[in-house]
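Next comes input-v5.cif, a file with mmCIF, C-alpha atoms and all ligand atoms.
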data_target
loop_
_atom_site.label_atom_id
_atom_site.label_comp_id
_atom_site.auth_asym_id
_atom_site.auth_seq_id
_atom_site.Cartn_x
_atom_site.Cartn_y
_atom_site.Cartn_z
CA MET A 233 -67.41 -44.54 25.98
CA ALA A 234 -66.49 -42.56 22.92
CA THR A 235 -68.31 -39.26 22.65
CA MET A 236 -69.34 -38.08 19.23
CA LYS A 237 -67.91 -34.73 18.32
CA TYR A 238 -70.32 -32.33 16.71
CA PRO A 239 -69.60 -29.48 14.33
CA LYS A 240 -70.45 -25.97 15.39
CA ARG A 241 -73.87 -24.83 14.25
CA LEU A 242 -74.23 -21.73 12.11
CA ILE A 243 -75.53 -19.73 15.06
CA GLU A 244 -72.25 -20.34 16.86
CA VAL A 245 -70.20 -18.67 14.16
CA ASP A 246 -72.38 -15.91 12.71
CA LEU A 247 -75.90 -14.59 12.30
CA PRO A 248 -77.14 -11.65 10.18
CA ILE A 249 -78.71 -10.00 13.22
CA LYS A 250 -79.23 -6.57 11.67
CA ARG A 251 -81.32 -7.93 8.80
CA ILE A 252 -83.25 -10.33 11.03
CA SER A 253 -84.02 -7.51 13.48
CA ALA A 254 -85.37 -5.35 10.66
CA HIS A 255 -87.79 -8.15 9.71
CA ALA A 256 -88.74 -8.65 13.37
CA ARG A 257 -89.55 -4.94 13.74
CA ARG A 258 -91.64 -4.90 10.59
CA GLU A 259 -93.56 -7.98 11.71
CA LYS A 260 -95.04 -6.02 14.62
CA SER A 261 -97.31 -4.08 12.27
CA ILE A 262 -98.55 -7.18 10.47
CA ARG A 263 -102.09 -8.17 11.29
CA HIS A 264 -103.38 -10.55 8.67
CA GLY A 265 -102.54 -14.19 9.26
CA HIS A 266 -100.15 -13.55 12.15
CA ILE A 267 -100.56 -15.56 15.37
CA SER A 268 -100.44 -12.34 17.38
CA THR A 269 -104.02 -11.71 16.22
CA LEU A 270 -105.27 -14.91 17.90
CA HIS A 271 -104.79 -13.71 21.44
CA ILE A 272 -102.83 -11.10 23.31
CA TRP A 273 -99.66 -12.49 24.82
CA TRP A 274 -97.07 -10.34 26.50
CA ALA A 275 -93.41 -10.86 25.64
CA ARG A 276 -94.39 -12.37 22.31
CA ARG A 277 -91.24 -13.35 20.41
CA PRO A 278 -91.04 -12.22 16.79
CA LEU A 279 -91.51 -15.12 14.38
CA ALA A 280 -88.73 -13.69 12.19
CA ALA A 281 -86.12 -14.07 14.92
CA CYS A 282 -87.38 -17.52 15.97
CA ARG A 283 -87.30 -18.83 12.40
CA ALA A 284 -83.75 -17.56 11.85
CA VAL A 285 -82.48 -18.83 15.20
CA ILE A 286 -83.99 -22.29 14.72
CA CYS A 287 -82.51 -22.73 11.23
CA ALA A 288 -79.11 -21.50 12.40
CA SER A 289 -79.26 -23.82 15.43
CA LEU A 290 -80.24 -26.92 13.45
CA TRP A 291 -77.89 -26.45 10.51
CA PRO A 292 -74.13 -27.04 10.94
CA ASP A 293 -71.51 -24.55 9.81
CA PRO A 294 -70.25 -25.93 6.48
CA ALA A 295 -66.83 -24.41 7.16
CA ASP A 296 -66.43 -26.41 10.37
CA ASP A 297 -63.99 -29.34 9.99
CA LEU A 298 -66.56 -31.69 11.52
CA CYS A 299 -69.42 -30.69 9.20
CA PRO A 300 -70.71 -33.81 7.42
CA ASP A 301 -69.91 -33.81 3.70
CA ILE A 302 -73.47 -34.72 2.80
CA PHE A 303 -74.72 -31.49 4.40
CA ARG A 304 -72.13 -29.46 2.48
CA LYS A 305 -73.11 -31.24 -0.74
CA VAL A 306 -76.88 -30.65 -0.35
CA ALA A 307 -76.36 -27.07 0.88
CA ARG A 308 -74.17 -26.38 -2.19
CA GLU A 309 -76.78 -27.87 -4.54
CA GLN A 310 -79.57 -25.88 -2.93
CA MET A 311 -77.72 -22.55 -2.95
CA THR A 312 -76.74 -23.15 -6.60
CA ARG A 313 -80.38 -23.84 -7.42
CA TRP A 314 -81.36 -20.57 -5.72
CA ALA A 315 -78.69 -18.72 -7.71
CA LYS A 316 -80.00 -20.18 -10.98
CA ASN A 317 -83.76 -20.24 -10.47
CA ASN A 318 -84.81 -18.12 -7.52
CA LEU A 319 -82.93 -14.82 -7.78
CA HIS A 320 -86.30 -13.02 -7.95
CA LEU A 321 -87.15 -14.35 -4.46
CA LEU A 322 -84.02 -12.94 -2.84
CA SER A 323 -83.50 -9.49 -1.32
CA GLU A 324 -81.18 -6.82 -2.68
CA ASP A 325 -78.81 -7.57 0.19
CA SER A 326 -78.37 -11.17 -0.96
CA ARG A 327 -78.64 -10.77 -4.70
CA SER A 328 -75.07 -9.79 -5.62
CA ARG A 329 -73.67 -12.90 -3.93
CA PHE A 330 -76.11 -15.19 -5.70
CA VAL A 331 -75.64 -13.48 -9.06
CA ALA A 332 -71.92 -14.15 -8.71
CA ILE A 333 -72.66 -17.79 -7.84
CA SER A 334 -74.94 -18.14 -10.86
CA LYS A 335 -72.02 -17.07 -13.06
CA ASP A 336 -69.48 -19.29 -11.33
CA GLU A 337 -70.75 -22.28 -9.37
CA GLN A 338 -67.19 -23.04 -8.19
CA LYS A 339 -67.53 -20.13 -5.78
CA LEU A 340 -69.43 -22.40 -3.42
CA ASP A 341 -66.42 -24.72 -3.17
CA ASP A 342 -65.14 -22.03 -0.83
CA LEU A 343 -66.80 -23.15 2.41
CA LEU A 344 -66.83 -19.63 3.84
CA GLU A 345 -68.74 -18.53 0.76
CA LEU A 346 -71.20 -21.42 1.27
CA ARG A 347 -71.64 -20.35 4.90
CA ALA A 348 -72.31 -16.76 3.78
CA ALA A 349 -74.88 -17.96 1.22
CA LEU A 350 -76.73 -19.96 3.89
CA LEU A 351 -76.75 -16.94 6.21
CA ASP A 352 -78.13 -14.78 3.39
CA PHE A 353 -80.83 -17.38 2.85
CA ILE A 354 -81.69 -17.35 6.57
CA ALA A 355 -81.86 -13.54 6.63
CA ASP A 356 -84.27 -13.48 3.67
CA PHE A 357 -86.36 -16.34 5.04
CA ALA A 358 -86.85 -14.26 8.22
CA ASN A 359 -88.99 -11.92 6.12
CA TRP A 360 -92.69 -12.46 6.97
CA ASP A 361 -93.55 -12.27 3.25
CA ASN A 362 -91.36 -15.31 2.60
CA SER A 363 -92.64 -17.41 5.49
CA THR A 364 -95.13 -19.30 3.34
CA VAL A 365 -93.26 -19.23 -0.02
CA PRO A 366 -92.92 -22.88 -1.12
CA GLU A 367 -89.32 -22.50 -2.35
CA TYR A 368 -88.17 -21.21 1.06
CA LEU A 369 -90.11 -23.91 2.89
CA GLU A 370 -88.78 -26.73 0.68
CA THR A 371 -85.14 -25.67 0.99
CA SER A 372 -85.29 -25.07 4.74
CA ARG A 373 -87.01 -28.41 5.40
CA LEU A 374 -84.56 -30.29 3.20
CA LEU A 375 -81.54 -28.75 4.95
CA THR A 376 -83.07 -29.48 8.37
CA GLN A 377 -83.64 -33.11 7.41
CA VAL A 378 -80.17 -33.62 5.91
CA ALA A 379 -78.49 -31.97 8.91
CA HIS A 380 -80.49 -34.11 11.32
CA GLU A 381 -79.70 -37.41 9.64
CA ALA A 382 -76.07 -36.52 8.96
CA LEU A 383 -75.57 -35.68 12.63
CA GLY A 384 -76.88 -39.02 13.84
CA GLY A 385 -80.66 -38.65 13.71
CA GLU A 386 -82.57 -41.79 12.79
CA PRO A 387 -83.36 -41.79 9.05
CA GLY A 388 -86.93 -40.66 8.45
CA SER A 389 -87.23 -39.04 11.91
CA ARG A 390 -87.17 -35.32 12.47
CA PRO A 391 -85.17 -33.21 14.93
CA LEU A 392 -87.06 -32.24 18.06
CA VAL A 393 -87.22 -28.62 19.25
CA VAL A 394 -88.31 -28.44 22.89
CA ASP A 395 -89.63 -25.23 24.40
CA PRO A 396 -90.52 -25.65 28.08
CA PHE A 397 -91.79 -22.06 28.43
CA ALA A 398 -93.52 -21.72 25.08
CA GLY A 399 -95.71 -18.70 25.93
CA GLY A 400 -97.32 -17.38 22.74
CA GLY A 401 -95.98 -20.36 20.75
CA ALA A 402 -93.56 -18.62 18.38
CA ILE A 403 -90.70 -21.09 18.78
CA PRO A 404 -92.68 -24.35 18.34
CA LEU A 405 -94.59 -22.84 15.41
CA GLU A 406 -91.37 -21.90 13.63
CA ALA A 407 -89.81 -25.27 14.47
CA LEU A 408 -92.68 -26.97 12.63
CA ARG A 409 -92.35 -24.55 9.74
CA VAL A 410 -88.70 -25.40 9.09
CA GLY A 411 -89.25 -29.16 9.31
CA ALA A 412 -88.59 -30.03 12.96
CA ASP A 413 -90.94 -31.63 15.47
CA ALA A 414 -91.87 -29.53 18.47
CA PHE A 415 -92.69 -30.07 22.13
CA ALA A 416 -94.23 -27.03 23.80
CA SER A 417 -95.19 -26.63 27.43
CA ASP A 418 -95.96 -23.82 29.84
CA LEU A 419 -97.16 -23.39 33.40
CA ASN A 420 -99.74 -20.82 32.34
CA PRO A 421 -102.94 -22.50 31.08
CA VAL A 422 -103.62 -19.60 28.69
CA ALA A 423 -100.26 -20.25 27.03
CA VAL A 424 -101.05 -23.95 26.80
CA LEU A 425 -104.39 -23.20 25.14
CA LEU A 426 -102.71 -20.78 22.71
CA ASN A 427 -100.18 -23.43 21.75
CA LYS A 428 -102.83 -26.10 21.32
CA VAL A 429 -104.82 -23.83 19.03
CA VAL A 430 -101.82 -22.73 16.97
CA LEU A 431 -100.03 -26.07 16.74
CA GLU A 432 -102.87 -28.61 16.81
CA TYR A 433 -106.36 -27.24 16.23
CA ILE A 434 -105.69 -24.85 13.35
CA PRO A 435 -103.72 -27.41 11.29
CA LYS A 436 -106.37 -30.06 12.07
CA TYR A 437 -109.63 -28.12 11.62
CA GLY A 438 -108.59 -25.15 9.42
CA GLN A 439 -111.49 -23.09 8.09
CA LYS A 440 -114.06 -25.10 10.06
CA LEU A 441 -112.51 -23.88 13.31
CA ALA A 442 -112.58 -20.25 12.12
CA ASP A 443 -116.25 -20.63 11.14
CA GLU A 444 -117.17 -22.14 14.52
CA VAL A 445 -115.33 -19.45 16.47
CA ARG A 446 -117.13 -16.78 14.45
CA LYS A 447 -120.50 -18.49 14.89
CA TRP A 448 -120.22 -18.97 18.67
CA GLY A 449 -118.64 -15.56 19.18
CA GLN A 450 -121.66 -14.03 17.49
CA TRP A 451 -123.98 -16.16 19.61
CA ILE A 452 -122.33 -15.04 22.85
CA LYS A 453 -122.44 -11.41 21.69
CA GLU A 454 -126.16 -11.58 20.93
CA GLN A 455 -127.03 -13.35 24.17
CA ALA A 456 -124.87 -10.96 26.18
CA GLU A 457 -126.44 -7.92 24.54
CA LYS A 458 -129.91 -9.22 25.43
CA GLU A 459 -129.13 -10.04 29.02
CA LEU A 460 -126.80 -7.15 29.86
CA ALA A 461 -128.69 -4.36 28.06
CA GLU A 462 -130.27 -3.16 31.32
CA PHE A 463 -126.81 -2.49 32.75
CA TYR A 464 -125.80 -0.38 29.77
CA PRO A 465 -128.87 1.82 29.31
CA LYS A 466 -128.73 4.22 26.38
CA ASP A 467 -128.06 7.89 27.07
CA PRO A 468 -130.87 10.38 26.28
CA ASP A 469 -129.12 11.21 22.98
CA GLY A 470 -129.12 7.55 21.92
CA ALA A 471 -125.44 6.79 22.62
CA THR A 472 -124.63 3.49 24.32
CA PRO A 473 -122.23 3.28 27.25
CA ILE A 474 -119.58 0.66 26.53
CA ALA A 475 -117.26 0.99 29.53
CA TYR A 476 -117.41 2.45 33.00
CA LEU A 477 -114.19 3.89 34.38
CA TRP A 478 -113.70 3.61 38.12
CA ALA A 479 -110.99 4.78 40.51
CA ARG A 480 -110.17 3.30 43.87
CA VAL A 481 -109.95 5.91 46.61
CA ILE A 482 -107.85 6.37 49.73
CA GLN A 483 -107.83 8.99 52.43
CA CYS A 484 -104.99 11.52 52.50
CA GLU A 485 -102.80 10.98 55.53
CA GLY A 486 -101.41 14.54 55.45
CA PRO A 487 -101.61 16.36 58.82
CA GLY A 488 -105.17 17.58 59.37
CA CYS A 489 -106.22 16.81 55.78
CA GLY A 490 -108.13 13.54 55.37
CA ALA A 491 -109.30 14.38 51.83
CA GLU A 492 -110.52 11.60 49.56
CA ILE A 493 -107.95 10.92 46.83
CA PRO A 494 -109.13 9.11 43.70
CA MET A 495 -106.19 6.93 42.65
CA MET A 496 -105.39 7.76 39.03
CA ARG A 497 -102.03 7.25 37.43
CA SER A 498 -102.97 9.51 34.53
CA LEU A 499 -105.76 11.96 33.81
CA TRP A 500 -105.76 11.19 30.09
CA LEU A 501 -108.80 9.28 28.82
CA ALA A 502 -107.72 9.20 25.17
CA LYS A 503 -104.57 10.51 23.54
CA LYS A 504 -105.30 10.56 19.84
CA GLY A 505 -105.00 13.90 18.03
CA LYS A 506 -108.34 15.65 17.83
CA LYS A 507 -110.03 12.93 19.85
CA SER A 508 -107.74 13.59 22.80
CA THR A 509 -109.74 13.74 26.00
CA ALA A 510 -108.66 14.18 29.58
CA LEU A 511 -109.99 14.81 33.06
CA ARG A 512 -109.52 17.97 35.09
CA LEU A 513 -109.69 17.76 38.87
CA VAL A 514 -112.16 20.14 40.48
CA HIS A 515 -111.63 20.67 44.19
CA ASP A 516 -114.67 20.69 46.46
CA HIS A 517 -113.10 22.20 49.58
CA ASP A 518 -116.21 21.76 51.74
CA SER A 519 -116.51 18.01 51.32
CA LYS A 520 -112.78 17.52 50.68
CA LYS A 521 -113.67 15.49 47.63
CA ILE A 522 -112.52 15.75 44.07
CA ASN A 523 -115.01 16.29 41.27
CA PHE A 524 -114.18 16.10 37.60
CA GLU A 525 -114.53 17.97 34.33
CA ILE A 526 -113.83 16.59 30.89
CA ILE A 527 -111.45 18.49 28.63
CA LYS A 528 -112.03 17.76 24.96
CA ASN A 529 -109.31 18.28 22.33
CA SER A 530 -106.92 18.42 25.23
CA THR A 531 -103.23 19.14 24.76
CA ALA A 532 -100.35 18.25 27.04
CA ASN A 533 -100.48 21.74 28.58
CA ASP A 534 -104.08 21.24 29.72
CA VAL A 535 -103.51 17.98 31.50
CA LEU A 536 -101.96 17.67 34.94
CA THR A 537 -100.24 14.58 36.21
CA GLY A 538 -102.27 11.87 37.94
CA THR A 539 -102.58 11.32 41.66
CA VAL A 540 -100.49 8.15 41.80
CA ALA A 541 -96.76 7.78 41.31
CA ARG A 542 -94.87 4.57 42.08
CA GLY A 543 -97.70 3.35 44.27
CA SER A 544 -97.88 6.41 46.50
CA ALA A 545 -100.75 8.92 46.34
CA ILE A 546 -100.36 12.68 46.05
CA CYS A 547 -103.15 14.72 47.60
CA PRO A 548 -104.64 17.28 45.20
CA PHE A 549 -105.68 19.41 48.21
CA CYS A 550 -102.62 19.63 50.46
CA GLY A 551 -99.92 18.13 48.24
CA PHE A 552 -98.97 15.56 50.87
CA THR A 553 -97.67 12.24 49.58
CA THR A 554 -99.25 9.22 51.26
CA SER A 555 -96.58 6.54 51.00
CA ALA A 556 -97.01 3.40 48.90
CA LYS A 557 -96.93 1.36 52.10
CA SER A 558 -99.79 3.36 53.63
CA VAL A 559 -101.76 3.17 50.36
CA GLN A 560 -101.39 -0.60 50.39
CA GLU A 561 -102.42 -0.75 54.04
CA GLN A 562 -105.57 1.31 53.42
CA LEU A 563 -106.58 -0.77 50.41
CA LYS A 564 -105.81 -3.97 52.27
CA ASN A 565 -108.18 -2.90 55.06
CA ALA A 566 -110.77 -2.10 52.40
CA LYS A 567 -110.27 -5.59 50.88
CA GLY A 568 -108.87 -4.15 47.68
CA GLY A 569 -111.07 -1.06 47.69
CA ALA A 570 -113.45 -2.20 44.96
CA SER A 571 -116.57 -1.56 47.05
CA SER A 572 -115.57 2.04 47.90
CA ALA A 573 -114.31 2.87 44.38
CA ARG A 574 -115.71 5.93 42.61
CA LEU A 575 -117.30 5.84 39.21
CA ILE A 576 -115.57 8.60 37.28
CA ALA A 577 -116.37 8.52 33.58
CA VAL A 578 -118.23 6.56 30.94
CA ARG A 579 -116.97 5.62 27.49
CA ARG A 580 -119.75 5.62 24.96
CA ASP A 581 -120.55 4.86 21.36
CA ASP A 582 -122.37 7.64 19.55
CA PRO A 583 -124.47 6.06 16.79
CA LYS A 584 -124.97 9.41 14.98
CA SER A 585 -121.36 10.48 14.64
CA GLY A 586 -120.06 6.89 14.76
CA GLU A 587 -117.49 8.12 17.24
CA ARG A 588 -116.51 6.86 20.61
CA GLY A 589 -116.25 9.48 23.30
CA PHE A 590 -116.43 10.06 27.02
CA ARG A 591 -118.78 11.73 29.44
CA LEU A 592 -118.69 12.13 33.20
CA ALA A 593 -120.48 9.55 35.30
CA THR A 594 -123.89 10.54 36.64
CA ASP A 595 -126.11 9.40 39.51
CA VAL A 596 -127.97 7.25 36.99
CA ASP A 597 -124.76 5.37 36.21
CA VAL A 598 -124.11 4.82 39.90
CA GLN A 599 -127.65 3.44 40.29
CA VAL A 600 -127.16 1.17 37.29
CA ALA A 601 -123.95 -0.18 38.82
CA ALA A 602 -125.72 -0.76 42.14
CA GLY A 603 -128.48 -2.58 40.25
CA ALA A 604 -125.90 -4.84 38.59
CA ILE A 605 -124.36 -5.72 41.95
CA GLN A 606 -127.84 -6.44 43.33
CA LYS A 607 -128.72 -8.65 40.38
CA LEU A 608 -125.51 -10.56 40.85
CA LYS A 609 -126.30 -11.18 44.52
CA ILE A 610 -129.75 -12.50 43.60
CA ASN A 611 -128.28 -14.77 40.94
CA ILE A 612 -125.66 -16.08 43.34
CA GLN A 613 -128.35 -16.93 45.90
CA ALA A 614 -130.49 -18.61 43.26
CA LYS A 615 -127.75 -20.65 41.66
CA LYS A 616 -127.96 -24.39 41.92
CA SER A 617 -124.63 -25.40 40.46
CA GLU A 618 -121.69 -25.97 42.78
CA LEU A 619 -119.51 -23.86 40.56
CA SER A 620 -119.27 -20.18 41.41
CA LEU A 621 -121.00 -17.78 39.02
CA VAL A 622 -117.92 -15.59 38.96
CA PRO A 623 -114.32 -16.76 38.85
CA ASP A 624 -113.31 -17.03 42.51
CA GLU A 625 -110.01 -18.88 42.43
CA LYS A 626 -107.58 -18.02 45.17
CA VAL A 627 -104.73 -15.93 43.87
CA ASN A 628 -101.11 -16.74 44.65
CA PRO A 629 -100.59 -15.11 48.06
CA LEU A 630 -96.99 -14.18 47.31
CA PRO A 631 -96.82 -10.74 45.74
CA HIS A 632 -94.29 -10.23 42.98
CA SER A 633 -93.78 -7.96 40.02
CA VAL A 634 -96.56 -9.58 37.95
CA ASN A 635 -99.02 -10.53 40.68
CA ARG A 636 -99.75 -7.35 42.59
CA LEU A 637 -103.18 -8.31 43.90
CA PRO A 638 -102.12 -9.60 47.35
CA MET A 639 -100.22 -6.37 47.96
CA TYR A 640 -103.58 -4.59 47.94
CA GLY A 641 -105.41 -7.12 50.05
CA MET A 642 -107.04 -9.04 47.19
CA ARG A 643 -107.10 -12.71 48.03
CA ASP A 644 -109.39 -14.06 45.37
CA LEU A 645 -110.75 -13.04 42.02
CA GLU A 646 -114.33 -12.75 43.29
CA LYS A 647 -113.66 -9.29 44.68
CA ASN A 648 -113.39 -8.06 41.12
CA ASN A 649 -116.79 -9.45 40.28
CA LEU A 650 -118.71 -7.97 37.43
CA PRO A 651 -121.94 -9.02 35.81
CA ILE A 652 -120.10 -9.54 32.53
CA LYS A 653 -117.82 -12.18 33.98
CA GLU A 654 -120.81 -13.84 35.54
CA TYR A 655 -122.66 -13.71 32.26
CA TYR A 656 -119.96 -15.42 30.20
CA LYS A 657 -119.48 -18.11 32.78
CA LYS A 658 -123.21 -18.82 32.93
CA ALA A 659 -123.65 -18.71 29.17
CA ILE A 660 -120.87 -21.19 28.63
CA ASP A 661 -122.06 -23.46 31.47
CA ASN A 662 -125.53 -23.61 29.98
CA GLN A 663 -124.45 -24.37 26.46
CA SER A 664 -122.45 -27.43 25.66
CA VAL A 665 -120.35 -26.18 22.81
CA THR A 666 -119.22 -28.82 20.38
CA CYS A 667 -117.27 -28.36 17.23
ZN ZN B 1 -104.29 16.05 51.76
#

Now that the file is in, can you turn its structure into C-alpha cells?
Ligand SMILES: [Zn+2]
Amino acid sequence: MATMKYPKRLIEVDLPIKRISAHARREKSIRHGHISTLHIWWARRPLAACRAVICASLWPDPADDLCPDIFRKVAREQMTRWAKNNLHLLSEDSRSRFVAISKDEQKLDDLLELRAALLDFIADFANWDNSTVPEYLETSRLLTQVAHEALGGEPGSRPLVVDPFAGGGAIPLEALRVGADAFASDLNPVAVLLNKVVLEYIPKYGQKLADEVRKWGQWIKEQAEKELAEFYPKDPDGATPIAYLWARVIQCEGPGCGAEIPMMRSLWLAKKGKKSTALRLVHDHDSKKINFEIIKNSTANDVLTGTVARGSAICPFCGFTTSAKSVQEQLKNAKGGASSARLIAVRRDDPKSGERGFRLATDVDVQVAAGAIQKLKINIQAKKSELSLVPDEKVNPLPHSVNRLPMYGMRDLEKNNLPIKEYYKKAIDNQSVTC
C-alpha cells in the first residue's frame, strides 16, 4: 500500500517561542473573559501557547517540497492582504516585514519569506488582545481549512484535535478558535465539567447561563448565611468570623519530652505589607503546650519558622525532630488527627474598617465548633436519604505525590467533615436546579 508523504508542519521547522512566551506570561494577569476565572485548575496551560502550537501544527511549512501549492497560494494571498489592509493590527516586531511586503508583493514568492510571515502572524495571534479580533480569526480559520483539505481531509470537514488529558480545557478551546474540531477527555470529573462548560454550555447558553449561575449562587449564599449563622457568631465588636484556622497536633518523641506540637508549616497568617500578620509561639512549660500571640505589622525578623519541615515536626520545647515516618504513624493512629486538632486563630471581617484581620481563637470558638459537630451528628441521625450528608467517598488507598491523605491515615473524605460541606450537599439535594 502506498503511504502518503506529508510535508513538515511549521512547528517542525520553527516557532517564535520568545514572543509567544511573552504573551503567555502576560496572560496570567488577565482576569476579564479568561477561562481561568471560571474555576481554579492547576497546571493550566496558557491559551497563547496553545493557540500558537495548534496553528503551527495544523499548517504545513510552505518551504517544504511536499507543501500543497493551494496552501502556498492561499497563505500568500492572506499575508499580502495583511500587508495591505491590516498593518495596524500587527505588532512592531512583525511590521517591518509586512511593510516591505506591501511595497513588493513578489517578496512572498520566496517561500522562506512566506514561512517567516506566517510565523509572525502566529506570534501576533498569540496575543490575548487579538484572540477575538475578526481578522485574525478569519485568516487562521481559512488557513486551517485549506491545509486540512489540501492534506487529504474530506472537503467541508474540519481537522480534529484530540486531547485525552484536557484538564482546564485550553487546548480544545484554542482548537475550536482556529477552526478545528476538538475531542476533550479527562479522568478527573472536575476537568470534564470544566470542559463541558467551556466548550458546550457557554457557546450554547451564553448570557442565560451567566445569569442562572449568578442567580443560584446568590440563592445558595443567602440560604447558607441563614442556616450557618449560628456557627459564625459575630464578635462583640460586630466583626464576623469567616474562617477558623486549625492545626493538627502530634506528641514530641524527643527523650523525656512528650510536648504537644501544633503542626504548622509557617507561622505567617498574612504576608501583605502593612496587613502582614503572624503567630508567635508562647511556651507553657508546665503543661508542655504551645500557646499563641498575634504579631501585627510583622516583618520577616519577627517571624520564626514553622514546626513542620518536609513532613517531620520540630519540637519548640526541646528542639528534637520527630521524623516524618513517626508523624505519619501518630496521625494514622489518630485517624488523620482531625478530632484532636487545635483551633488556633480566626479570620474575620471587620464591618467598620472594611478590613479582614485575624484574632486568636477563644473558648467561645471552640464551643461553637463543638456545637457544629453536634448539629452534624443530629442531622446525620435524622436524615432519611440514602446519600450521605457529607461527601464520604473512599479515597484512593495508594499514596502518591498528589494524594497524600492515605499517608496520614485518612481513608475517606468524611473525616474532614464540616457543616459547610453538609449544608451545600443538602441545599442542592433539596432543590432541583433547572436552567
Ligand atoms: Zn520535645

Subject >> Shell of 7 Å around stretch 508-519 of chain A, only C-alpha atoms, local chain residues under 6 positions omitted, as number ranges by chain >> reply: A: 499-502, 525-530, 535

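Around ligand ZN 1 (chain B), the neighbouring residues within 9 Å, taking all atoms listed in the file, come to A:Gln483, A:Cys484, A:Glu485, A:Gly486, A:Pro487, A:Gly488, A:Cys489, A:Gly490, A:Ala491, A:Glu492, A:Ile493, A:Lys520, A:Ile546, A:Cys547, A:Pro548, A:Phe549, A:Cys550, A:Gly551, A:Phe552, A:Thr553, A:Thr554.
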
**OP:** Find the residues with any atom within 12 Å of (-85.8, -10.4, 7.9); use all atoms listed in the file and the coordinates as given in the file, and write the answer as a PyMOL selection string.
**Re:** chain A and resi 247-259+278-285+322-323+325-326+351-363

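If you look at atom CA of A:Val331 and atom CA of A:Val365, they are 20.6 Å away from each other.
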
Subject >> Test item: residues at most 6 Å from A:Pro473, only C-alpha atoms, excluding those fewer than 2 positions along its chain, as number ranges by chain >> reply: A: 464, 475, 579-580

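Residues lying within 8 Å of A:Ser498, counting all atoms listed in the file and ignoring same-chain neighbours fewer than 4 positions away, are Thr537, Gly538, Thr539 and Val540 of chain A.
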
Subject >> Among the residues A:Gln377, A:Pro294, A:Glu370, A:Trp273, the one that comes closest to A:Gln310 [using all atoms listed in the file] >> reply: A:Glu370

Subject >> Closest of A:Val422, A:Asp395, A:Met311, A:Asn533 to A:Trp274 - atom-to-atom distances counting all atoms listed in the file >> reply: A:Val422

**OP:** Measuring atom to atom with all atoms listed in the file, identify which of A:Glu345, A:Leu321, A:Val378, A:Tyr368 is nearest to A:Asp301.
**Re:** A:Val378

Original post:
Hey, what's within 12 Å of A:Arg542 if we count all atoms listed in the file and toss same-chain stuff fewer than 6 positions away? As a VMD selection string, please?
Top reply: chain A and resid 495 to 497 553 to 557 559 to 560

Protein and nucleic acid residues near (-125.0, 10.8, 33.1) (cut-off 10 Å, only C-alpha atoms) as a PDB file with C-alpha atoms, keeping the file's coordinate frame:
ATOM      1  CA  ASP A 467    -128.060   7.890  27.070  1.00  0.00           C
ATOM      2  CA  PRO A 468    -130.870  10.380  26.280  1.00  0.00           C
ATOM      3  CA  PRO A 473    -122.230   3.280  27.250  1.00  0.00           C
ATOM      4  CA  ALA A 577    -116.370   8.520  33.580  1.00  0.00           C
ATOM      5  CA  VAL A 578    -118.230   6.560  30.940  1.00  0.00           C
ATOM      6  CA  ARG A 591    -118.780  11.730  29.440  1.00  0.00           C
ATOM      7  CA  LEU A 592    -118.690  12.130  33.200  1.00  0.00           C
ATOM      8  CA  ALA A 593    -120.480   9.550  35.300  1.00  0.00           C
ATOM      9  CA  THR A 594    -123.890  10.540  36.640  1.00  0.00           C
ATOM     10  CA  ASP A 595    -126.110   9.400  39.510  1.00  0.00           C
ATOM     11  CA  VAL A 596    -127.970   7.250  36.990  1.00  0.00           C
ATOM     12  CA  ASP A 597    -124.760   5.370  36.210  1.00  0.00           C
ATOM     13  CA  VAL A 598    -124.110   4.820  39.900  1.00  0.00           C
TER      14      VAL A 598
END

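Shortest atom-to-atom contact with A:Gly603 among A:Glu462, A:Cys287, A:Glu444, A:Arg276: A:Glu462, counting all atoms listed in the file.
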
Subject >> A:Arg304 environment, 9 Å, only C-alpha atoms, sequence neighbours closer than 3 positions dropped, as JSON, numbers by chain >> reply: {"A": [293, 294, 295, 299, 300, 301, 307, 308, 309, 343, 346]}

Original post:
Mind pulling up the distance from atom CA of A:Arg347 to atom CA of A:Ser289?
Top reply: 13.5 Å

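Atom pair atom CA of A:Asp534 / atom CA of A:Gly589 has a distance of 18.1 Å (rounded to one decimal).
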